[in-house]
Amino acid sequence: MLNWIKQKLSNTWNWTKRQTKKIIWFIFGITIIGATGATQLNLINSEPIKFPLTANTLTEKLEYAYASQEKLRLEHNEMGRQYREGIITKTEWKTYLDVEFDPLNRELSYFIGPNREKVMKELLNVTSTDPKDEIQQDVIHDFKEQFKQSKKWKINTANLLK
């Protein structure tokens with residue numbers, strides 16, 4: 001494919017091989033920069049989760065994400081119970097997993113993962129969390145459990161993503 005492009009550019013505009021190579025590298029570079037820039041723009045404000053208007057800080061957003069994930073887990077358990085008891089079919093169960101549970105759980109996990117450490121460092125007022133410090137890990141665990149059990153938010157998992 002690359003040779004075909006080189007040949008067409010050389011024949012069409014009577015460019016030398018060196019000029020053709022420069023143009024191809026230029027086009028390739030612009031393509032890479034454009035793709036990278038588009039990716040970075042998407043990452044800047046690409047939170048697919050609909051946070052409540054009152055969730056302004058990262059800590060509040062993390063609390064909401066943990067509480068949403070906990071509610072989603074409970075709904076998953078209920079759907080699993082209905083499947084085991086024959087109330088819903090295997091097809092309905094698989095559809096629930098593929099269409100509702102997996103995408104929501106994935107997006108919540110994508111948000112929680114990178115932000116958990118930031119928030120925990122802020123809450124503990126430390127520069128880094130130490131996985132070997134049992135007291136610190138107990139405090140982090142307590143924060144996560146409080147976030148999961150939070151009744152501060154009215155969570156509707158059917159309307160969680162943008």
# chains A, B, ... in the order shown; residues from 1 in each chain; ligands from 1
>>> residues_around(residues="region 103-109 of chain A", least_positions_apart="6", cutoff="8 Å", atoms="only C-alpha atoms", output="list in words")
Pro48, Ile49, Ala65, Tyr66, Ser68, Gln69, Leu72, Thr157, Leu160 and Leu161 of chain A
>>> residues_around(residues="region 75-78 of chain A", least_positions_apart="3", cutoff="12 Å", atoms="only C-alpha atoms", output="PDB file with C-alpha atoms, in the first residue's frame")
ATOM      1  CA  SER A  68     -24.118   3.360  42.347  1.00  0.00           C
ATOM      2  CA  GLN A  69     -21.900   0.331  41.977  1.00  0.00           C
ATOM      3  CA  GLU A  70     -23.276  -1.109  45.218  1.00  0.00           C
ATOM      4  CA  LYS A  71     -26.863  -0.584  44.030  1.00  0.00           C
ATOM      5  CA  LEU A  72     -25.960  -2.165  40.695  1.00  0.00           C
ATOM      6  CA  ARG A  81     -31.907 -14.969  41.923  1.00  0.00           C
ATOM      7  CA  GLN A  82     -34.765 -14.569  39.431  1.00  0.00           C
ATOM      8  CA  TYR A  83     -32.779 -16.496  36.810  1.00  0.00           C
ATOM      9  CA  ARG A  84     -31.938 -19.320  39.245  1.00  0.00           C
ATOM     10  CA  GLU A  85     -35.594 -19.590  40.287  1.00  0.00           C
ATOM     11  CA  ILE A  87     -38.605 -16.322  36.808  1.00  0.00           C
ATOM     12  CA  ILE A  88     -36.551 -15.014  33.880  1.00  0.00           C
ATOM     13  CA  TRP A  93     -30.359 -12.990  32.005  1.00  0.00           C
ATOM     14  CA  LYS A  94     -27.674 -12.767  29.296  1.00  0.00           C
ATOM     15  CA  TYR A  96     -29.348  -8.036  31.256  1.00  0.00           C
ATOM     16  CA  LEU A  97     -25.652  -8.813  31.711  1.00  0.00           C
ATOM     17  CA  ASP A  98     -24.594  -7.649  28.237  1.00  0.00           C
ATOM     18  CA  GLU A 100     -27.282  -3.269  31.409  1.00  0.00           C
ATOM     19  CA  PHE A 101     -24.914  -4.665  34.018  1.00  0.00           C
ATOM     20  CA  ASP A 102     -21.565  -4.979  32.223  1.00  0.00           C
ATOM     21  CA  LEU A 104     -22.570   0.236  33.810  1.00  0.00           C
ATOM     22  CA  ASN A 105     -20.180  -1.711  36.004  1.00  0.00           C
ATOM     23  CA  ILE A 155     -29.583   6.481  42.292  1.00  0.00           C
ATOM     24  CA  ASN A 156     -31.426   5.212  39.249  1.00  0.00           C
ATOM     25  CA  THR A 157     -29.179   2.682  37.520  1.00  0.00           C
ATOM     26  CA  ALA A 158     -31.332   2.794  34.382  1.00  0.00           C
TER      27      ALA A 158
END
>>> residues_around(residues="Asn115 (chain A)", least_positions_apart="3", cutoff="9 Å", atoms="only C-alpha atoms", output="ChimeraX atom specification")
/A:58-59,62,110-112,118-120
>>> atom_distance(atom1="CA of Gln136 (chain A)", atom2="CA of Ser150 (chain A)")
21.1 Å
>>> atom_distance(atom1="CA of Tyr64 (chain A)", atom2="CA of Ile140 (chain A)")
16.3 Å
>>> atom_distance(atom1="CA of Met79 (chain A)", atom2="CA of His141 (chain A)")
27.3 Å
